[in-house]
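> So here's run-v7.txt, just compact mmCIF, C-alpha atoms and all ligand atoms:
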```txt
# COMPACT_ATOMS: atom_id res chain seq x y z
CA MET A 1 -51.11 33.75 6.98
CA THR A 2 -51.20 32.07 3.54
CA THR A 3 -49.19 28.97 2.74
CA ARG A 4 -46.97 31.02 0.49
CA GLN A 5 -46.20 33.51 3.26
CA SER A 6 -45.40 30.79 5.76
CA LEU A 7 -43.13 29.10 3.21
CA THR A 8 -41.28 32.35 2.59
CA ARG A 9 -41.09 32.85 6.30
CA TRP A 10 -39.46 29.47 6.85
CA THR A 11 -37.31 28.95 3.76
CA GLY A 12 -35.00 31.86 4.64
CA PRO A 13 -33.90 30.63 8.08
CA ALA A 14 -33.98 26.99 6.92
CA ALA A 15 -31.68 27.80 4.00
CA ILE A 16 -29.29 29.66 6.29
CA LEU A 17 -29.27 26.73 8.71
CA ALA A 18 -28.69 24.26 5.88
CA VAL A 19 -25.78 26.29 4.52
CA ALA A 20 -24.30 26.62 8.00
CA ALA A 21 -24.67 22.87 8.60
CA LEU A 22 -23.04 22.07 5.25
CA GLY A 23 -20.25 24.50 6.03
CA LEU A 24 -19.60 22.87 9.39
CA LEU A 25 -19.69 19.41 7.83
CA GLY A 26 -17.25 20.52 5.13
CA TYR A 27 -14.99 22.11 7.71
CA TRP A 28 -14.99 18.92 9.77
CA ALA A 29 -14.45 16.66 6.73
CA ALA A 30 -11.62 18.82 5.40
CA GLY A 31 -10.03 18.86 8.86
CA ALA A 32 -10.30 15.10 9.28
CA TRP A 33 -8.84 14.51 5.85
CA LEU A 34 -6.17 17.21 5.92
CA ARG A 35 -4.92 16.66 9.46
CA PRO A 36 -2.81 13.59 8.62
CA LEU A 37 -1.63 15.30 5.43
CA LEU A 38 -0.50 18.48 7.17
CA ALA A 39 0.71 17.24 10.52
CA PRO A 40 4.33 16.11 10.38
CA VAL A 41 4.82 12.54 11.43
CA GLU A 42 5.89 12.46 15.06
CA ALA A 43 9.12 10.87 16.25
CA PRO A 44 10.31 8.32 17.16
CA VAL A 45 9.98 6.62 13.82
CA VAL A 46 11.29 3.12 13.19
CA ALA A 47 12.89 3.02 9.73
CA LEU A 48 12.36 -0.13 7.67
CA THR A 49 14.04 -1.01 4.41
CA VAL A 50 13.39 -3.29 1.48
CA ALA A 51 16.01 -5.21 -0.48
CA PRO A 52 17.92 -2.65 -2.62
CA GLU A 53 17.50 -4.69 -5.82
CA CYS A 54 13.78 -5.08 -5.23
CA ASP A 55 11.44 -4.03 -8.05
CA TRP A 56 8.29 -2.67 -6.44
CA SER A 57 6.17 -3.29 -9.50
CA ALA A 58 6.65 -6.96 -8.56
CA GLY A 59 6.21 -6.21 -4.83
CA CYS A 60 8.78 -5.47 -2.11
CA GLU A 61 8.80 -6.93 1.40
CA THR A 62 10.06 -5.01 4.40
CA HIS A 63 12.80 -6.16 6.75
CA GLY A 64 12.47 -5.41 10.44
CA PRO A 65 9.81 -5.35 13.14
CA LEU A 66 6.83 -4.54 10.88
CA ARG A 67 6.20 -6.94 8.03
CA ALA A 68 4.66 -5.21 5.04
CA ARG A 69 4.56 -5.44 1.27
CA VAL A 70 4.71 -2.45 -1.08
CA ARG A 71 3.56 -2.72 -4.65
CA VAL A 72 2.83 -0.41 -7.59
CA ASP A 73 0.59 -1.36 -10.49
CA ARG A 74 2.87 -0.20 -13.32
CA ARG A 75 6.26 1.31 -14.17
CA VAL A 76 6.40 4.86 -12.89
CA HIS A 77 6.59 7.78 -15.31
CA PRO A 78 6.53 11.45 -14.23
CA LEU A 79 3.07 13.05 -14.56
CA GLN A 80 1.39 9.66 -15.10
CA PRO A 81 -0.84 8.35 -12.32
CA PHE A 82 0.00 5.02 -10.75
CA GLU A 83 -1.44 3.06 -7.86
CA LEU A 84 0.50 2.33 -4.68
CA THR A 85 -0.69 -0.49 -2.44
CA LEU A 86 0.60 -1.36 1.01
CA THR A 87 -0.28 -4.64 2.69
CA VAL A 88 0.61 -4.78 6.38
CA ASP A 89 0.92 -7.95 8.41
CA ALA A 90 -0.59 -6.34 11.53
CA ASP A 91 -3.94 -5.19 12.92
CA GLY A 92 -4.68 -1.80 14.39
CA VAL A 93 -2.99 0.30 11.73
CA GLY A 94 -4.23 3.90 11.76
CA THR A 95 -2.98 6.29 9.12
CA VAL A 96 -0.76 5.40 6.18
CA LEU A 97 0.98 8.24 4.32
CA ALA A 98 3.45 8.21 1.47
CA ASP A 99 6.01 10.97 0.87
CA PHE A 100 7.99 10.97 -2.37
CA VAL A 101 11.39 12.63 -2.14
CA MET A 102 14.68 12.91 -3.99
CA VAL A 103 17.75 12.69 -1.81
CA GLY A 104 19.50 16.09 -1.84
CA MET A 105 16.87 17.83 -3.99
CA ASP A 106 13.73 19.68 -2.97
CA MET A 107 10.97 18.28 -5.16
CA GLY A 108 8.18 20.03 -3.24
CA VAL A 109 5.62 18.21 -1.12
CA ASN A 110 4.53 14.96 -2.72
CA ARG A 111 2.46 13.48 0.11
CA PHE A 112 -0.42 11.08 -0.38
CA ALA A 113 -2.76 9.56 2.21
CA LEU A 114 -3.47 5.89 1.57
CA ALA A 115 -7.09 4.83 2.10
CA PRO A 116 -8.17 1.41 3.37
CA ALA A 117 -8.73 -0.87 0.35
CA ALA A 118 -9.22 -4.28 1.97
CA ALA A 119 -8.34 -6.02 5.22
CA ARG A 120 -4.79 -4.92 6.18
CA GLN A 121 -4.44 -3.14 2.84
CA TRP A 122 -4.14 0.58 1.95
CA ARG A 123 -4.03 2.23 -1.43
CA THR A 124 -3.64 5.56 -3.21
CA GLN A 125 -3.18 7.05 -6.63
CA VAL A 126 0.09 8.92 -7.03
CA VAL A 127 1.33 11.42 -9.61
CA LEU A 128 4.92 12.61 -9.47
CA PRO A 129 6.30 15.84 -10.93
CA VAL A 130 8.97 16.04 -13.60
CA CYS A 131 12.50 16.54 -12.28
CA THR A 132 13.99 19.76 -13.64
CA VAL A 133 17.47 18.19 -13.90
CA ASP A 134 16.12 14.91 -15.28
CA ARG A 135 16.94 12.74 -12.27
CA GLN A 136 15.10 9.43 -12.12
CA ASP A 137 16.05 8.30 -8.62
CA TRP A 138 13.16 8.77 -6.22
CA MET A 139 12.52 7.47 -2.73
CA ALA A 140 9.08 6.55 -1.44
CA GLN A 141 8.81 7.01 2.32
CA ILE A 142 5.71 5.29 3.59
CA TYR A 143 4.67 6.19 7.14
CA VAL A 144 2.59 3.60 8.95
CA THR A 145 1.05 4.42 12.32
CA ALA A 146 0.43 1.11 14.07
CA GLU A 147 -0.40 0.13 17.65
CA THR A 148 3.25 -0.76 18.22
CA GLY A 149 4.65 2.55 16.92
CA VAL A 150 5.29 4.67 13.85
CA TYR A 151 7.21 3.04 11.01
CA ARG A 152 8.75 4.49 7.87
CA ILE A 153 9.30 2.18 4.94
CA ASP A 154 11.93 3.50 2.51
CA VAL A 155 11.57 2.26 -1.05
CA PRO A 156 14.09 3.59 -3.60
CA PHE A 157 12.94 3.40 -7.21
CA LEU A 158 13.67 4.81 -10.64
CA THR A 159 11.15 6.54 -12.88
CA GLU A 160 11.08 5.72 -16.57
CA ARG A 161 11.92 8.35 -19.16
CA GLU A 162 9.12 9.52 -21.47
CU CU B 1 14.63 16.17 -8.91
```
In structure tokens, write the structure found in this file.
Ligand SMILES: [Cu+2]


Amino acid sequence: MTTRQSLTRWTGPAAILAVAALGLLGYWAAGAWLRPLLAPVEAPVVALTVAPECDWSAGCETHGPLRARVRVDRRVHPLQPFELTLTVDADGVGTVLADFVMVGMDMGVNRFALAPAAARQWRTQVVLPVCTVDRQDWMAQIYVTAETGVYRIDVPFLTERE
């Protein structure tokens, strides 16, 4: 058998194996990433609030059993990306997700998984849709899965007009 023949003989199966391995890896990665995004957060959830007058572009602290700080890096406009950072005063935090909702109005699914950014800190980029009736009052609901339970931090905020 020539070198060329043996190459041809091996590249076929090797390529198929490589594609299969990549496929499996992709399937696993997509699953690991999507699972927290798709799975609804399980009850019981401990709701935490921030001070109603709090401006989260300056940072808002939670009240209640989990101490955390929520901050955005700029004033929020629809369709313009901004960065959301959560700093938690606890170890052993697993997933952190943020849902953006309007009370009494279906704005679709606006769910973002926060990725670890530093010790006890999680971060994501967020883009919000335009409201068809021009409402500006949004609510961020940040779900934190910690060793001591699942917490939801509610942060009301207003978007800026264009
Ligand atoms: Cu709306």

> Which one is closest to ligand CU 1 (chain B): A:Val109, A:Val126, A:Met102, A:Val93? Count all atoms listed in the file.

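Among the listed residues, the smallest separation from ligand CU 1 (chain B) belongs to A:Met102.
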
> Dump the neighbourhood of ligand CU 1 (chain B) as a PyMOL selection string: all residues within 6 Å, distances computed on only C-alpha atoms and all ligand atoms.

chain A and resi 102+105+107+131-132+135

> So how far away is CA of Val101 (chain A) from CA of Ala119 (chain A), in Å?

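Calculated distance between CA of Ala119 (chain A) and CA of Val101 (chain A) is 28.1 Å.
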
> Just the number, please: distance in Å from CA of Asp73 (chain A) to CA of Cys60 (chain A), one decimal.

12.4 Å

> Can you tell me, as number ranges by chain, what residues are no more than 8 Å from Phe100 (chain A) when counting only C-alpha atoms, ignoring any on the same chain fewer than 6 positions away?

A: 109-111, 128, 138-141

> Can I get the residues of region 59-128 of chain A within 8 Å of region 142-147 of chain A, each with the closest pair of atoms and their distance in Å to one decimal, using all atoms listed in the file, sorted chain first then ascending number, as a Markdown table?


```
| residue | atom | partner | partner_atom | distance |
| --- | --- | --- | --- | --- |
| A:Ala90 | CA | A:Ala146 | CA | 7.9 |
| A:Asp91 | CA | A:Ala146 | CA | 7.8 |
| A:Gly92 | CA | A:Glu147 | CA | 5.7 |
| A:Val93 | CA | A:Ala146 | CA | 4.2 |
| A:Gly94 | CA | A:Thr145 | CA | 5.3 |
| A:Thr95 | CA | A:Thr145 | CA | 5.5 |
| A:Val96 | CA | A:Val144 | CA | 4.7 |
| A:Leu97 | CA | A:Tyr143 | CA | 5.1 |
| A:Ala98 | CA | A:Ile142 | CA | 4.3 |
| A:Asp99 | CA | A:Ile142 | CA | 6.3 |
```

> By how many Å are CA of Leu84 (chain A) and CA of Phe112 (chain A) apart?

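Here the two named atoms are 9.8 Å from each other.
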
> With only C-alpha atoms counted, which protein, DNA or RNA residues have an atom no more than 8 Å from (16.1, 11.1, -13.5) in the file frame? Please answer as number ranges by chain.

A: 131, 133-137, 158-161

> Tell me which protein, DNA and RNA residues are within 6 Å of Thr87 (chain A), counting all atoms listed in the file, leaving out same-chain ones fewer than 5 positions away, and put them as a list of chain:residue names.

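Neighbouring residues, sequence-local ones excluded: A:Ala68, A:Arg69, A:Arg120, A:Gln121.
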
> Taking into account all atoms listed in the file, which residue in the set A:Asp106, A:Gly149, A:Ala47, A:Trp122 is nearest to Val70 (chain A)?

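Closest candidate: A:Trp122.
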
> With all atoms listed in the file as the counted atoms, please give the residues lying no more than 12 Å from Pro81 (chain A), apart from itself and same-chain residues fewer than 6 positions off, as a PDB file with C-alpha atoms, keeping the file's coordinate frame.


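Okay, this is what ended up in around-v5.pdb:
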```
ATOM      1  CA  VAL A  72       2.830  -0.410  -7.590  1.00  0.00           C
ATOM      2  CA  ASP A  73       0.590  -1.360 -10.490  1.00  0.00           C
ATOM      3  CA  ARG A  74       2.870  -0.200 -13.320  1.00  0.00           C
ATOM      4  CA  ARG A  75       6.260   1.310 -14.170  1.00  0.00           C
ATOM      5  CA  THR A 124      -3.640   5.560  -3.210  1.00  0.00           C
ATOM      6  CA  GLN A 125      -3.180   7.050  -6.630  1.00  0.00           C
ATOM      7  CA  VAL A 126       0.090   8.920  -7.030  1.00  0.00           C
ATOM      8  CA  VAL A 127       1.330  11.420  -9.610  1.00  0.00           C
ATOM      9  CA  LEU A 128       4.920  12.610  -9.470  1.00  0.00           C
ATOM     10  CA  PRO A 129       6.300  15.840 -10.930  1.00  0.00           C
TER      11      PRO A 129
END
```

> Point out the residue among A:Pro116, A:Val130, A:Val150, A:Gly104 with the least atom-to-atom distance to Pro78 (chain A), counting only C-alpha atoms.

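Closest to Pro78 (chain A) of all the choices is A:Val130.
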
> When you count only C-alpha atoms, which of these residues is closest to Phe82 (chain A): A:Val155, A:Ala115, A:Ala51, A:Ser57?

A:Ser57

> Which one of A:Ile153, A:His77, A:Ala113, A:Val103 sits closest to His63 (chain A) if you count only C-alpha atoms?

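So, comparing all the options, the nearest one is A:Ile153.
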
> Hey, which of A:Val88, A:Gln80, A:Val50, A:Ala118 ends up closest to Leu66 (chain A)? Count all atoms listed in the file.

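Using all atoms listed in the file, the shortest distance to Leu66 (chain A) belongs to A:Val88.
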